[in-house]
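Listing of my_file12.tsv, TSV, C-alpha atoms and all ligand atoms
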chain	number	residue	atom	x	y	z
A	1089	MET	CA	0.00	0.00	0.00
A	1090	ALA	CA	1.38	3.42	-0.97
A	1091	ASP	CA	2.18	5.87	1.82
A	1092	SER	CA	-0.46	8.31	0.59
A	1093	GLU	CA	-3.10	5.58	0.75
A	1094	ILE	CA	-2.05	4.70	4.30
A	1095	VAL	CA	-2.40	8.33	5.30
A	1096	SER	CA	-5.89	8.61	3.84
A	1097	VAL	CA	-7.12	5.38	5.46
A	1098	ILE	CA	-5.86	6.48	8.87
A	1099	GLN	CA	-7.20	9.99	8.42
A	1100	ALA	CA	-10.66	8.64	7.55
A	1101	ASN	CA	-10.63	6.24	10.52
A	1102	LEU	CA	-9.56	8.99	12.91
A	1103	SER	CA	-12.19	11.39	11.72
A	1104	ALA	CA	-14.94	8.73	11.95
A	1105	VAL	CA	-13.94	7.95	15.55
A	1106	ARG	CA	-13.69	11.62	16.42
A	1107	GLN	CA	-17.20	12.24	15.04
A	1108	GLN	CA	-18.58	9.47	17.25
A	1109	ILE	CA	-16.81	10.96	20.27
A	1110	ASP	CA	-18.18	14.41	19.51
A	1111	ALA	CA	-21.71	13.04	19.02
A	1112	ALA	CA	-21.48	11.18	22.35
A	1113	CYS	CA	-20.41	14.46	24.00
A	1114	VAL	CA	-23.39	16.30	22.54
A	1115	ARG	CA	-25.78	13.56	23.71
A	1116	SER	CA	-24.42	13.69	27.24
A	1117	GLY	CA	-24.06	17.46	27.52
A	1118	ARG	CA	-20.26	17.45	27.52
A	1119	ASN	CA	-17.72	19.66	25.80
A	1120	PRO	CA	-15.89	17.69	23.06
A	1121	ASP	CA	-12.68	19.53	23.97
A	1122	ASP	CA	-12.72	17.65	27.27
A	1123	VAL	CA	-12.20	14.28	25.57
A	1124	ARG	CA	-8.78	13.48	24.14
A	1125	LEU	CA	-8.07	10.50	21.94
A	1126	VAL	CA	-5.02	8.41	22.80
A	1127	ALA	CA	-4.00	6.64	19.60
A	1128	VAL	CA	-2.83	3.22	20.76
A	1129	SER	CA	0.01	2.23	18.47
A	1130	LYS	CA	1.20	-1.02	20.09
A	1131	TYR	CA	0.36	-3.08	16.98
A	1132	ALA	CA	1.01	-0.32	14.46
A	1133	HIS	CA	3.82	-0.35	11.92
A	1134	TRP	CA	6.24	2.50	12.32
A	1135	THR	CA	5.13	3.91	8.95
A	1136	TRP	CA	1.55	4.09	10.24
A	1137	VAL	CA	2.71	5.87	13.36
A	1138	THR	CA	4.60	8.49	11.40
A	1139	ALA	CA	1.63	8.89	9.05
A	1140	LEU	CA	-0.74	9.49	11.96
A	1141	ALA	CA	1.73	11.77	13.73
A	1142	GLU	CA	1.35	14.20	10.83
A	1143	PHE	CA	-2.06	15.17	12.21
A	1144	HIS	CA	-2.34	13.66	15.68
A	1145	SER	CA	-0.10	14.25	18.67
A	1146	LEU	CA	-1.19	11.91	21.48
A	1147	PHE	CA	-0.15	8.26	21.38
A	1148	GLY	CA	-0.30	5.32	23.76
A	1149	GLU	CA	2.01	2.32	24.00
A	1150	ASN	CA	1.81	-0.80	26.14
A	1151	ARG	CA	5.45	-1.63	26.59
A	1152	PRO	CA	7.99	0.78	28.11
A	1153	GLN	CA	10.74	-0.35	25.73
A	1154	GLN	CA	8.73	0.35	22.58
A	1155	LEU	CA	7.45	3.61	24.05
A	1156	ALA	CA	11.01	4.75	24.80
A	1157	GLU	CA	12.24	3.92	21.30
A	1158	ARG	CA	9.34	5.64	19.60
A	1159	GLN	CA	9.39	8.64	21.91
A	1160	ALA	CA	13.05	9.23	21.05
A	1161	LEU	CA	12.18	9.20	17.34
A	1162	LEU	CA	9.03	11.34	17.68
A	1163	PRO	CA	9.66	13.58	20.71
A	1164	GLN	CA	7.06	16.15	19.60
A	1165	VAL	CA	4.32	13.58	20.31
A	1166	GLU	CA	2.85	13.17	23.80
A	1167	TRP	CA	3.46	9.50	24.67
A	1168	HIS	CA	1.34	7.76	27.30
A	1169	LEU	CA	2.19	4.38	28.80
A	1170	ILE	CA	-1.03	2.37	29.10
A	1171	GLY	CA	0.23	-1.18	29.70
A	1172	GLN	CA	1.40	-2.91	32.84
A	1173	LEU	CA	4.62	-1.53	34.29
A	1174	GLN	CA	7.18	-3.79	35.95
A	1175	ARG	CA	9.26	-2.29	38.72
A	1176	ASN	CA	12.48	-2.82	36.77
A	1177	LYS	CA	11.13	-0.68	33.87
A	1178	VAL	CA	10.16	2.30	36.02
A	1179	ARG	CA	13.23	4.36	35.18
A	1180	LEU	CA	12.75	3.91	31.45
A	1181	ALA	CA	9.04	4.64	31.70
A	1182	ILE	CA	9.26	7.88	33.62
A	1183	GLN	CA	12.06	9.18	31.44
A	1184	HIS	CA	10.02	8.74	28.27
A	1185	ALA	CA	6.31	8.78	29.11
A	1186	HIS	CA	4.40	12.04	29.49
A	1187	THR	CA	1.70	10.19	31.49
A	1188	ILE	CA	1.43	6.65	32.88
A	1189	HIS	CA	-2.13	5.21	33.04
A	1190	SER	CA	-1.35	1.89	34.68
A	1191	ILE	CA	-0.30	2.38	38.30
A	1192	ASP	CA	-1.79	-0.75	39.84
A	1193	SER	CA	-0.27	-0.98	43.34
A	1194	VAL	CA	1.11	1.11	46.17
A	1195	ARG	CA	4.34	-0.85	45.83
A	1196	LEU	CA	4.75	0.34	42.24
A	1197	LEU	CA	3.92	3.91	43.25
A	1198	GLU	CA	6.55	3.78	46.00
A	1199	ARG	CA	9.14	2.62	43.49
A	1200	ILE	CA	8.15	5.39	41.07
A	1201	VAL	CA	8.55	8.19	43.60
A	1202	VAL	CA	12.01	6.95	44.57
A	1203	VAL	CA	13.22	6.80	40.97
A	1204	ALA	CA	11.49	10.07	40.09
A	1205	ALA	CA	13.23	11.88	42.93
A	1206	ASP	CA	16.53	10.49	41.73
A	1207	LEU	CA	15.85	11.76	38.18
A	1208	ASN	CA	14.34	15.00	39.40
A	1209	ILE	CA	11.10	14.32	37.51
A	1210	ARG	CA	7.54	14.68	38.81
A	1211	PRO	CA	5.71	12.03	36.76
A	1212	ARG	CA	2.05	12.37	35.78
A	1213	LEU	CA	0.12	9.26	36.84
A	1214	LEU	CA	-3.30	7.60	36.68
A	1215	LEU	CA	-4.31	4.80	39.00
A	1216	GLU	CA	-5.66	1.69	37.29
A	1217	VAL	CA	-8.79	0.29	38.88
A	1218	ASN	CA	-10.27	-3.16	38.40
A	1219	VAL	CA	-13.87	-1.99	38.74
A	1220	SER	CA	-15.41	-5.15	37.32
A	1221	GLY	CA	-13.49	-7.36	39.78
A	1222	GLU	CA	-12.36	-9.90	37.15
A	1223	SER	CA	-9.62	-12.03	38.67
A	1224	THR	CA	-7.43	-11.85	35.55
A	1225	LYS	CA	-7.33	-8.05	35.49
A	1226	ALA	CA	-4.64	-5.77	36.82
A	1227	GLY	CA	-5.52	-2.76	38.92
A	1228	PHE	CA	-6.57	-1.74	42.41
A	1229	HIS	CA	-9.82	-3.17	43.65
A	1230	PRO	CA	-12.06	-0.23	44.60
A	1231	ASP	CA	-11.95	-1.07	48.32
A	1232	GLU	CA	-8.19	-1.48	48.23
A	1233	LEU	CA	-7.90	1.97	46.66
A	1234	ARG	CA	-10.25	3.47	49.26
A	1235	SER	CA	-8.13	2.14	52.09
A	1236	ALA	CA	-4.82	3.17	50.50
A	1237	TRP	CA	-6.12	6.59	49.47
A	1238	ASN	CA	-4.62	8.65	52.28
A	1239	GLN	CA	-1.27	7.01	51.82
A	1240	ILE	CA	-1.42	7.61	48.04
A	1241	CYS	CA	-2.29	11.29	48.49
A	1242	ARG	CA	0.87	11.69	50.55
A	1243	PHE	CA	2.93	10.92	47.43
A	1244	SER	CA	1.47	13.89	45.58
A	1245	GLY	CA	4.52	16.04	46.25
A	1246	GLN	CA	6.68	13.65	44.25
A	1247	ALA	CA	4.15	12.53	41.63
A	1248	GLU	CA	1.19	14.23	40.02
A	1249	ILE	CA	-1.77	11.89	40.55
A	1250	VAL	CA	-4.28	13.08	37.98
A	1251	GLY	CA	-6.96	10.43	37.55
A	1252	LEU	CA	-8.20	6.89	37.25
A	1253	MET	CA	-8.08	4.33	34.44
A	1254	THR	CA	-10.03	1.15	33.80
A	1255	MET	CA	-10.56	-1.56	31.21
A	1256	ALA	CA	-14.06	-2.99	30.93
A	1257	PRO	CA	-14.49	-6.75	30.46
A	1258	GLU	CA	-14.62	-7.88	26.85
A	1259	ALA	CA	-18.20	-8.04	25.61
A	1260	ASP	CA	-20.04	-8.16	22.29
A	1261	ASP	CA	-22.35	-5.37	23.36
A	1262	PRO	CA	-20.58	-2.11	24.32
A	1263	GLU	CA	-23.54	-1.22	26.54
A	1264	GLU	CA	-22.37	-3.92	28.97
A	1265	ALA	CA	-19.34	-1.77	29.75
A	1266	ARG	CA	-21.42	1.25	30.76
A	1267	ILE	CA	-21.96	0.25	34.41
A	1268	HIS	CA	-18.20	-0.18	34.88
A	1269	PHE	CA	-17.47	3.25	33.41
A	1270	ALA	CA	-20.16	4.83	35.57
A	1271	ALA	CA	-18.68	3.08	38.61
A	1272	LEU	CA	-15.21	4.47	37.85
A	1273	ASN	CA	-16.66	7.97	37.59
A	1274	ARG	CA	-18.44	7.59	40.95
A	1275	LEU	CA	-15.27	6.26	42.58
A	1276	ARG	CA	-13.37	9.24	41.20
A	1277	ASN	CA	-15.91	11.63	42.73
A	1278	GLU	CA	-15.80	9.83	46.05
A	1279	LEU	CA	-11.99	9.87	46.24
A	1280	SER	CA	-11.76	13.48	45.03
A	1281	ASP	CA	-14.03	14.53	47.89
A	1282	LEU	CA	-11.70	12.83	50.38
A	1283	ALA	CA	-8.45	13.91	48.77
A	1284	VAL	CA	-5.78	15.71	50.72
A	1285	ASN	CA	-2.69	17.59	49.48
A	1286	SER	CA	-4.83	19.11	46.70
A	1287	VAL	CA	-4.94	15.91	44.66
A	1288	THR	CA	-7.45	16.46	41.82
A	1289	LEU	CA	-8.60	13.45	39.85
A	1290	SER	CA	-9.59	15.25	36.67
A	1291	GLU	CA	-8.74	12.47	34.22
A	1292	LEU	CA	-10.80	9.35	33.53
A	1293	SER	CA	-9.06	7.02	31.07
A	1294	MET	CA	-11.70	4.59	29.84
A	1295	GLY	CA	-13.04	3.26	26.55
A	1296	MET	CA	-11.31	1.39	23.74
A	1297	SER	CA	-12.25	0.65	20.10
A	1298	GLY	CA	-15.21	-1.51	21.11
A	1299	ASP	CA	-16.69	0.58	23.91
A	1300	PHE	CA	-15.57	4.21	23.72
A	1301	VAL	CA	-19.07	5.60	23.05
A	1302	PRO	CA	-20.56	4.63	26.43
A	1303	ALA	CA	-17.23	5.59	28.05
A	1304	VAL	CA	-17.51	9.14	26.71
A	1305	GLU	CA	-21.15	9.35	27.77
A	1306	GLU	CA	-20.08	8.29	31.28
A	1307	GLY	CA	-17.33	10.90	31.57
A	1308	ALA	CA	-14.11	9.67	29.91
A	1309	THR	CA	-11.51	12.39	29.35
A	1310	LEU	CA	-9.03	10.03	27.67
A	1311	VAL	CA	-10.17	7.25	25.33
A	1312	ARG	CA	-7.58	4.69	24.25
A	1313	ILE	CA	-8.23	3.65	20.65
A	1314	GLY	CA	-6.06	1.21	18.70
A	1315	SER	CA	-7.62	-1.19	16.23
A	1316	ARG	CA	-10.31	1.20	14.95
A	1317	LEU	CA	-7.67	3.71	13.83
A	1318	PHE	CA	-5.68	1.20	11.85
A	1319	GLU	CA	-8.46	-0.93	10.34
A	1320	GLY	CA	-8.31	-1.39	6.58
A	1321	LEU	CA	-4.49	-1.50	6.60
A	1322	PRO	CA	-2.47	-4.63	5.80
A	1323	ARG	CA	-1.88	-6.85	8.85
A	1324	VAL	CA	1.41	-6.61	10.69
A	1325	GLU	CA	3.42	-9.84	10.59
A	1401	LIG	C1	-4.53	-2.33	23.31
A	1401	LIG	C2	-5.10	-1.48	24.35
A	1401	LIG	C3	-6.07	-0.51	24.04
A	1401	LIG	C4	-6.64	-0.32	22.65
A	1401	LIG	O1	-7.39	-1.42	22.28
A	1401	LIG	P1	-8.24	-1.44	20.91
A	1401	LIG	O2	-9.32	-2.40	21.21
A	1401	LIG	O3	-7.31	-1.90	19.87
A	1401	LIG	O4	-8.74	-0.07	20.69
A	1401	LIG	C5	-6.51	0.30	25.07
A	1401	LIG	N1	-6.05	0.17	26.33
A	1401	LIG	C6	-5.14	-0.75	26.66
A	1401	LIG	C7	-4.67	-0.83	28.07
A	1401	LIG	C8	-4.65	-1.60	25.68
A	1401	LIG	O5	-3.75	-2.53	26.03
Is it possible to express this structure as structure tokens?
Ligand SMILES: *Cc1c(COP(=O)(O)O)cnc(C)c1O
Amino acid sequence: MADSEIVSVIQANLSAVRQQIDAACVRSGRNPDDVRLVAVSKYAHWTWVTALAEFHSLFGENRPQQLAERQALLPQVEWHLIGQLQRNKVRLAIQHAHTIHSIDSVRLLERIVVVAADLNIRPRLLLEVNVSGESTKAGFHPDELRSAWNQICRFSGQAEIVGLMTMAPEADDPEEARIHFAALNRLRNELSDLAVNSVTLSELSMGMSGDFVPAVEEGATLVRIGSRLFEGLPRVE
């Protein structure tokens, strides 16, 4: 496929997704400017990434190594880490990621603040919550987060804790995800009311290709979209 064709496929996909986001905002009385689209490029060829970076400047990667490599090549893009972070990859992650969505334990947060102090960086973080309670999912359980909340707020001098993230269970009907997104929004409100050290949970990272419409209607400020942006392109080997 010629480069110009790749650009036009991606451009059409992006604008179709963006229109659905904007329509969901209108339906739910929200300002479309309050919803940003994180283009998830974990399965994307480098040529697709550079094509999309011509007109989009917020990308998400799952693995710290790939994020670091791509961030070095496209530093003008805002790179978010959305996948699980191992403690031994913390240094790499906070050096290259603008925001990390996947803080799933106090232990990880403790490691991050130590490394961040050493690097003189104040990383921007979201806490991942397992709202549906599936045993296979990463993230804080809501009650675990409630009980650790005071302790977490105390880290806010060393790390900017800006919101919550979740992944809904896989389902054929996107409407099934809605209750989980609504629950994340309620949990955010509850924790914000109790927050100390002026922690403000303004970001809600929720919604992927299959379920971003209900996520936006339930208050998402960051939607993480991968496959929908790159559909119609040849498969990556
Ligand atoms: C891959 C991934 C996405 C994007 O998934 P799509 O269904 O391809 O849109 C979003 N969030 C996380 C955490 C992911 O790993």
Task: Surrounding residues of stretch 1175-1177 of chain A excluding itself and chain neighbours under 6 positions, 10 Å, all atoms listed in the file, as a list in words - done: Arg1151, Pro1152, Gln1153, Arg1195, Leu1196, Leu1197, Glu1198, Arg1199 and Ile1200 of chain A
Task: Contacts with ligand LIG 1401 (chain A) at most 7 Å, only C-alpha atoms and all ligand atoms counted, listed as number ranges by chain - done: A: 1128, 1130, 1150, 1170-1171, 1255, 1296-1298, 1312-1316
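Restricting the calculation to only C-alpha atoms, the smallest distance between A:Met1089 and any of A:Trp1136, A:Asn1101, A:Tyr1131, A:Leu1215 is found for A:Trp1136.
Of the listed residues A:Ala1181, A:Ala1247, A:Val1126, A:Val1194, the one whose atoms come nearest to A:Leu1155 is A:Ala1181, with distances taken using only C-alpha atoms.
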TODO: Measuring atom to atom with all atoms listed in the file, identify which of A:Phe1243, A:Phe1300, A:Trp1134, A:Phe1318 is nearest to A:Val1201.
DONE: A:Phe1243
- [ ] For atom CA of A:Leu1169 and atom CA of A:Asn1285, quote the distance in Å rounded to one decimal.
- [x] 25.0 Å
Open item on the list: What does the structure give for the distance between atom CA of A:Ile1182 and atom CA of A:Ile1240, in Å to one decimal?
Closed with: 17.9 Å
Open item on the list: Report, in Å to a single decimal, how far apart atom CA of A:Ala1256 and atom CA of A:Ala1156 are.
Closed with: 26.9 Å
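With only C-alpha atoms as the basis for measurement, A:Glu1291 is the residue among A:Glu1291, A:Asp1206, A:Glu1142, A:Glu1093 that approaches A:Thr1187 most closely.
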TODO: Give me the residues within 9 Å of A:Leu1214 as a PyMOL selection string, counting only C-alpha atoms and dropping any in the same chain fewer than 2 places off.
DONE: chain A and resi 1187-1191+1212+1216+1248-1253+1289+1291-1293
Could you build a table of the residues in stretch 1154-1258 of chain A lying no more than 9 Å from stretch 1271-1274 of chain A, giving for each the nearest pair of atoms and their separation in Å rounded to one decimal place, using all atoms listed in the file, ordered by chain and ascending residue number, as a Markdown table?
| residue | atom | partner | partner_atom | distance |
| --- | --- | --- | --- | --- |
| A:Val1217 | CA | A:Leu1272 | CA | 7.7 |
| A:Val1219 | CA | A:Leu1272 | CA | 6.7 |
| A:Ser1220 | CA | A:Ala1271 | CA | 8.9 |
| A:Pro1230 | CA | A:Leu1272 | CA | 8.8 |
| A:Leu1252 | CA | A:Leu1272 | CA | 7.4 |
| A:Met1253 | CA | A:Leu1272 | CA | 7.9 |
| A:Thr1254 | CA | A:Leu1272 | CA | 7.4 |
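Those residues that approach A:Glu1263 to within 10 Å, counting only C-alpha atoms, are Gly1298, Asp1299, Val1301, Pro1302 and Ala1303 of chain A; same-chain residues fewer than 6 positions away are not listed.
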Output file for the residues above (C-alpha atoms, as a PDB file, in the coordinates of the input):
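Okay, this is what ended up in again_7.pdb:
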ATOM      1  CA  GLY A1298     -15.210  -1.510  21.110  1.00  0.00           C
ATOM      2  CA  ASP A1299     -16.690   0.580  23.910  1.00  0.00           C
ATOM      3  CA  VAL A1301     -19.070   5.600  23.050  1.00  0.00           C
ATOM      4  CA  PRO A1302     -20.560   4.630  26.430  1.00  0.00           C
ATOM      5  CA  ALA A1303     -17.230   5.590  28.050  1.00  0.00           C
TER       6      ALA A1303
END
Open item on the list: Here is a test: counting only C-alpha atoms, which residue of A:Arg1158, A:Lys1225, A:His1268, A:Arg1234 is nearest to A:Ala1283?
Closed with: A:Arg1234
